[in-house]
Structures are given as structure tokens and as C-alpha cells.
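Engineer: My questions all concern the structure below.
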Amino acid sequence: MAWKWTRALDGNIASLERGERRNFFVYAYRNTAASRTALTFGLPLLFLIGWTRDYAVSPAMAMESLPRRLLLFSLLVAMALLIRARLRAHWREAALVGYACVFSAGIAMTTLAEPERMSLTHVAAVLTTIIVLPFALHRATAAAVIVAFSIPLFAMLAIQGAGPALFLAYAGYTLVGVGIGLGYRRVWLDTSLDVFQLRQRLLSRIHVDSLTGLLNREGWQTRAVRAFERALSEQRRVAVAYFDLDHFKRANDTHGHAMGDMLLRTVAKTLREQCRAGELVARVGGEEFLALLPDAGEDDAYACAERVRRAVAALPGPIPASVSCGVAACQAGEPLELAVARADAAMLEAKRRGRNLVLRADAHAPPFTVAGPAGE
Ligand SMILES: Nc1nc2c(ncn2[C@@H]2O[C@H](COP(=O)(O)OP(=O)(O)OP(=O)(O)O)[C@@H](O)[C@H]2O)c(=O)[nH]1
């Protein structure tokens, strides 16, 4: 049996490494914002539905139970925040684990207080814990939580003289907990997840420029193309801006490479600050930066680039800095690289015209239009 698990698991890991999506469960949970969001909002929704159902049966009783429910809900939120801080997890994952823990604790307490109310709904809720916990918690913690919750539940099952279905459900629950806790490294959820997380972490590093924290060229190629295609499929506009620091070699030669690096970091920070959420910024060369601006036409891109140009020119510090920039709005049917090439050419023209300048690359009025706030 263990051998079979191992084989299945190795297959999962290999397929994850090959980037295949066979392990759909892990993949679906980790990789689709929709599934995580559905789960995250689904649980409080269940909470609400439960109360509404009680209200329909007996408003007085529902109102009576409201403070208890609100307390439980506050606990959920507190737990989620705690887990988020502790694990530095994404808020949706933190919220899920928080729900799962408090949900299980609440059910365990209810069962202890009112054993006759125990039902398959409870089992389903506790099973949620099994699904959710190993995704986000360390194996040992997940095991401790599961086993700790299962003890009172088992005691109640025995006292209640429950049927075999409930016993079986809880036995599965406890076994998963014990299996995880004993360090059964081949429990597929756990190990696949280790590999998966490692891969995700490596991938995110590969896409980030270590000096500035912006996307690097690979990151740009992956993320910008994806964002560009998404915008096209939703028939939204996209523009690009190509920035290049002026006389950066001179800055390096005069002030040293360490100061040059500092200037690059400061310019990167300025770029990030001047761009809106959802806009992608990358360092694609030594002192070259690219921005992808969804929902922007050439005027918007120009305005953004002008903001960046002014902010860089106003930077305090020992090195006087400025950027030249070309902006281009993607034309219908035009691939992203072509828009980038037009923005690049406009940027080079800005260099030729004396630097510290933003130019529009206007496909219909070649070669270039000198940009101005009124779009002259
Ligand atoms: N400090 C530092 N310098 C870098 C880095 N990457 C590239 N450079 C330097 O950036 C400089 C780029 O010089 P050039 O391509 O001549 O451009 P420039 O001096 O900015 O001149 P213009 O673009 O024409 O205004 C070179 O001296 C590179 O050594 C880096 O990561 N850190």
C-alpha cells in the first residue's frame, strides 16, 4: 500500500516538475484565484446560510444564538490574522486555515454540549479541515490540530452509540492526522505541496531582478505577455513605456558602481510609485525599464511617463538623474514586441533630441511626435 502511494506520489511530483497539471487538486487550489476565493467566501457564506435557516425556523432562537455566532466569527477572523502573521501566508489561505480551525473547535464544543445534534453536516465540516490544513500548516501542527479535535469527537461518538458511517468518517480523519504527524513523508498532499511550493518560490525568484525587486526580463516576458493577452481578449487598451536612464555610465564612472546601484534602486522605486496597481514594471537591461499599462492609451501612457520623468529629475542625492522615455499604445492586431520596439525607438529618438524627454511613438504619423501635455 505504502509502495503504491509512493509510486503515485512520485508520478505527481514528476508531473508537477514538468509543469503538467495532473495533480489537479493541488493545482486547482494553489493556482486558481477563483477556487481559493470561492472557498474563502464560501465558508462564511455557509455560516450565514446556517443562521438564516435557523432564523426561518425560529427568529427568537436565531437572535439568541447571534452573539455566540458573532463571537465564533470574530474568532475566525482573529485566527486568520494570527495565521497570516505567523505563516506570512496569502490572506485567502490564512482565512481558510483560520476558518477550518475555529470551525472544528466550534463543532467539537457543540458536539460535547449537545451530542444529540451531531450529524453528517458536522462530519462534512470537519472533513473541510482535513482538506485545508495540510495545505497551509506545517505537517506537525496540522497533525496536532486534527488529532486534538478528533479525541473529543470520538468520545462523543462512543457515548452516543453512533452508527458505522460516522465512525468511519472520523476514523479517516484521525488517520490522516496521525499519518501526517508520524512524518509519513509520502502523504501526497504534503510532499507534493513541498515540491510545489519550492517550485513556485524558485519561479518567483527567477522572475525578479535581485537589485531592484522589479520584474526582470524573463518576468516581463512571462507576465507582460500574459497581461497583454488578457487585456486584448477583454478588448481593453494597452500601452507600453520604455525608460532609459541618461548618462548612467558617467554616473557610474564618477560616483562608483555602488552609488550607481543605489540610483537604479531609487529610480525603480520611483517608477513603482508613479505606476498604478495592475501596471507591470520591469528592469529589462542595465539601466532600461519597461512598463506595461493596461487600460491606457497613448495620452495616459504619456502622462504616466511624464510623471516618472519629473519625479526622477527631482530626485535628491549626489547624482543628478534623468530618464528618456518612449511611449506607444498597442495598435489593433499588433504583437506586444512591436509596440515595445516602437517605444524603444521613440526613447532612442528622445536621447538624440537631448535626453530628459518623453516622446510618443505614433504609428500613424511616423517617425515621432514630440509629446506635450496637450498632446501637440
Ligand atoms: N551600477 C550599475 N551599473 C550598471 C548595471 N548594469 C549596467 N550598468 C552600467 O550602465 C552603463 C550603461 O551605459 P550606456 O549604455 O553607455 O548608457 P548611458 O551612459 O546611460 O548613456 P545614454 O543611455 O546614452 O544616456 C554601463 O556603464 C554599465 O556598466 C548595474 O546593475 N549596476
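Residues are referred to by chain and number: the chain letter is A, B, ... according to the order shown in the C-alpha cells, the number counts from 1 in that chain, and ligands are numbered separately from 1 in the order shown.
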Would you list the contacts of Arg250 (chain A) as number ranges by chain, taking every protein, DNA or RNA residue within 10 Å and counting only C-alpha atoms, but skipping same-chain residues closer than 5 positions in sequence?

Structural biologist: A: 255-256, 260, 319

Engineer: Counting only C-alpha atoms and all ligand atoms, what are the residues, protein, DNA or RNA alike, that approach ligand 1 to within 6 Å? I want them as a PyMOL selection string.

Structural biologist: chain A and resi 245-250+252+257-258+260-261+286-287

Engineer: May I have the residues within 12 Å of region 329-339 of chain A as number ranges by chain, using only C-alpha atoms and disregarding those fewer than 4 positions away in the same chain?

Structural biologist: A: 220-229, 231-233, 235-242, 290-302, 343-346, 360-364

Engineer: Per residue of region 240-285 of chain A within 7 Å of region 203-218 of chain A, note the shortest atom pair and the distance in Å to one decimal, counting only C-alpha atoms, and order the rows by chain and increasing residue number, as a Markdown table.

Structural biologist:
| residue | atom | partner | partner_atom | distance |
| --- | --- | --- | --- | --- |
| A:Arg265 | CA | A:Thr212 | CA | 5.0 |
| A:Ala268 | CA | A:Thr212 | CA | 6.1 |
| A:Val281 | CA | A:Leu214 | CA | 6.3 |
| A:Ala282 | CA | A:Leu215 | CA | 4.4 |
| A:Arg283 | CA | A:Asn216 | CA | 5.2 |
| A:Val284 | CA | A:Arg217 | CA | 4.6 |

Engineer: Convert the current residue selection to file output with C-alpha atoms, as a PDB file, in the first residue's frame.

Structural biologist:
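Result file is selection_5.pdb:
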ATOM      1  CA  ARG A 265      17.096  51.134  -6.905  1.00  0.00           C
ATOM      2  CA  ALA A 268      12.943  51.599  -9.719  1.00  0.00           C
ATOM      3  CA  VAL A 281       7.209  47.443 -14.285  1.00  0.00           C
ATOM      4  CA  ALA A 282      10.391  45.579 -15.219  1.00  0.00           C
ATOM      5  CA  ARG A 283      14.103  46.231 -15.414  1.00  0.00           C
ATOM      6  CA  VAL A 284      14.932  44.736 -18.767  1.00  0.00           C
TER       7      VAL A 284
END

Engineer: In Å, how far is it from CA of Val327 (chain A) to CA of Leu348 (chain A)?

Structural biologist: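 For CA of Val327 (chain A) relative to CA of Leu348 (chain A), the distance reads 11.3 Å.
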
Engineer: Of the residues A:Leu263, A:Ile49, A:Cys304, A:Leu202, which is the one nearest to Glu279 (chain A), using only C-alpha atoms?

Structural biologist: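 Nearest candidate to Glu279 (chain A) out of A:Leu263, A:Ile49, A:Cys304, A:Leu202: A:Cys304.
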
Engineer: Just give me the gap between CA of Ala305 (chain A) and CA of Val323 (chain A) in Å, one decimal is fine.

Structural biologist: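 Value for the CA of Ala305 (chain A)-CA of Val323 (chain A) distance: 9.5 Å.
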
Engineer: State, in Å with one decimal place, the distance from CA of Thr254 (chain A) to CA of Leu357 (chain A).

Structural biologist: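 Interatomic distance, CA of Thr254 (chain A) to CA of Leu357 (chain A): 23.2 Å.
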
Engineer: Among region 190-268 of chain A, which ones does DSSP place in strand (DSSP E or B), written as a list of chain:residue names?

Structural biologist: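 Result set for region 190-268 of chain A (strand (DSSP E or B)): A:Val208, A:Leu215, A:Val238, A:Ala239, A:Val240, A:Ala241, A:Tyr242, A:Phe243, A:Asp244, A:Leu245.
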
Engineer: Just the selected residues (all heavy atoms), exported as an mmCIF file, in the first residue's frame, please.

Structural biologist:
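Saved to result32.cif:
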data_model
loop_
_atom_site.group_PDB
_atom_site.id
_atom_site.type_symbol
_atom_site.label_atom_id
_atom_site.label_comp_id
_atom_site.auth_asym_id
_atom_site.auth_seq_id
_atom_site.Cartn_x
_atom_site.Cartn_y
_atom_site.Cartn_z
ATOM 1 N N VAL A 208 12.354 37.783 -10.817
ATOM 2 C CA VAL A 208 12.538 39.074 -10.140
ATOM 3 C C VAL A 208 13.993 39.532 -10.242
ATOM 4 O O VAL A 208 14.917 38.735 -10.095
ATOM 5 C CB VAL A 208 12.091 38.945 -8.658
ATOM 6 C CG1 VAL A 208 12.490 40.174 -7.867
ATOM 7 C CG2 VAL A 208 10.586 38.753 -8.588
ATOM 8 N N LEU A 215 10.316 43.185 -11.833
ATOM 9 C CA LEU A 215 10.410 42.014 -12.710
ATOM 10 C C LEU A 215 11.691 42.142 -13.532
ATOM 11 O O LEU A 215 12.102 43.256 -13.862
ATOM 12 C CB LEU A 215 9.236 41.985 -13.682
ATOM 13 C CG LEU A 215 7.854 41.699 -13.107
ATOM 14 C CD1 LEU A 215 6.814 41.831 -14.206
ATOM 15 C CD2 LEU A 215 7.815 40.297 -12.511
ATOM 16 N N VAL A 238 -4.025 48.823 -24.201
ATOM 17 C CA VAL A 238 -2.744 48.598 -23.509
ATOM 18 C C VAL A 238 -1.724 49.557 -24.112
ATOM 19 O O VAL A 238 -1.730 49.796 -25.320
ATOM 20 C CB VAL A 238 -2.201 47.170 -23.727
ATOM 21 C CG1 VAL A 238 -0.985 46.915 -22.854
ATOM 22 C CG2 VAL A 238 -3.248 46.113 -23.465
ATOM 23 N N ALA A 239 -0.871 50.090 -23.252
ATOM 24 C CA ALA A 239 0.230 50.913 -23.753
ATOM 25 C C ALA A 239 1.520 50.479 -23.069
ATOM 26 O O ALA A 239 1.480 49.825 -22.020
ATOM 27 C CB ALA A 239 -0.054 52.383 -23.468
ATOM 28 N N VAL A 240 2.637 50.805 -23.684
ATOM 29 C CA VAL A 240 3.932 50.487 -23.056
ATOM 30 C C VAL A 240 4.772 51.758 -22.984
ATOM 31 O O VAL A 240 4.617 52.668 -23.802
ATOM 32 C CB VAL A 240 4.714 49.400 -23.834
ATOM 33 C CG1 VAL A 240 4.109 48.042 -23.647
ATOM 34 C CG2 VAL A 240 4.833 49.733 -25.302
ATOM 35 N N ALA A 241 5.641 51.787 -21.986
ATOM 36 C CA ALA A 241 6.572 52.909 -21.843
ATOM 37 C C ALA A 241 7.966 52.339 -21.645
ATOM 38 O O ALA A 241 8.151 51.425 -20.829
ATOM 39 C CB ALA A 241 6.174 53.770 -20.650
ATOM 40 N N TYR A 242 8.910 52.837 -22.417
ATOM 41 C CA TYR A 242 10.298 52.347 -22.355
ATOM 42 C C TYR A 242 11.155 53.472 -21.760
ATOM 43 O O TYR A 242 11.238 54.562 -22.325
ATOM 44 C CB TYR A 242 10.775 52.021 -23.786
ATOM 45 C CG TYR A 242 11.853 50.977 -23.847
ATOM 46 C CD1 TYR A 242 11.666 49.799 -24.563
ATOM 47 C CD2 TYR A 242 13.068 51.164 -23.190
ATOM 48 C CE1 TYR A 242 12.643 48.821 -24.617
ATOM 49 C CE2 TYR A 242 14.053 50.188 -23.244
ATOM 50 C CZ TYR A 242 13.840 49.032 -23.950
ATOM 51 O OH TYR A 242 14.802 48.072 -24.002
ATOM 52 N N PHE A 243 11.764 53.213 -20.605
ATOM 53 C CA PHE A 243 12.581 54.232 -19.937
ATOM 54 C C PHE A 243 14.061 53.854 -20.002
ATOM 55 O O PHE A 243 14.393 52.662 -19.876
ATOM 56 C CB PHE A 243 12.212 54.329 -18.449
ATOM 57 C CG PHE A 243 10.803 54.761 -18.195
ATOM 58 C CD1 PHE A 243 9.785 53.820 -18.085
ATOM 59 C CD2 PHE A 243 10.484 56.099 -18.066
ATOM 60 C CE1 PHE A 243 8.480 54.214 -17.837
ATOM 61 C CE2 PHE A 243 9.182 56.500 -17.822
ATOM 62 C CZ PHE A 243 8.179 55.557 -17.712
ATOM 63 N N ASP A 244 14.922 54.843 -20.141
ATOM 64 C CA ASP A 244 16.360 54.588 -20.078
ATOM 65 C C ASP A 244 16.997 55.745 -19.310
ATOM 66 O O ASP A 244 16.746 56.916 -19.607
ATOM 67 C CB ASP A 244 16.925 54.497 -21.501
ATOM 68 C CG ASP A 244 18.373 54.018 -21.514
ATOM 69 O OD1 ASP A 244 19.259 54.770 -21.033
ATOM 70 O OD2 ASP A 244 18.606 52.899 -21.996
ATOM 71 N N LEU A 245 17.813 55.376 -18.298
ATOM 72 C CA LEU A 245 18.489 56.419 -17.517
ATOM 73 C C LEU A 245 19.506 57.142 -18.395
ATOM 74 O O LEU A 245 20.195 56.492 -19.191
ATOM 75 C CB LEU A 245 19.213 55.757 -16.350
ATOM 76 C CG LEU A 245 18.516 55.765 -15.008
ATOM 77 C CD1 LEU A 245 19.264 54.896 -14.030
ATOM 78 C CD2 LEU A 245 18.453 57.186 -14.475
#

Engineer: Can you list every residue in region 275-304 of chain A that DSSP puts in helix (DSSP H, G or I), as a ChimeraX atom specification?

Structural biologist: /A:298-304
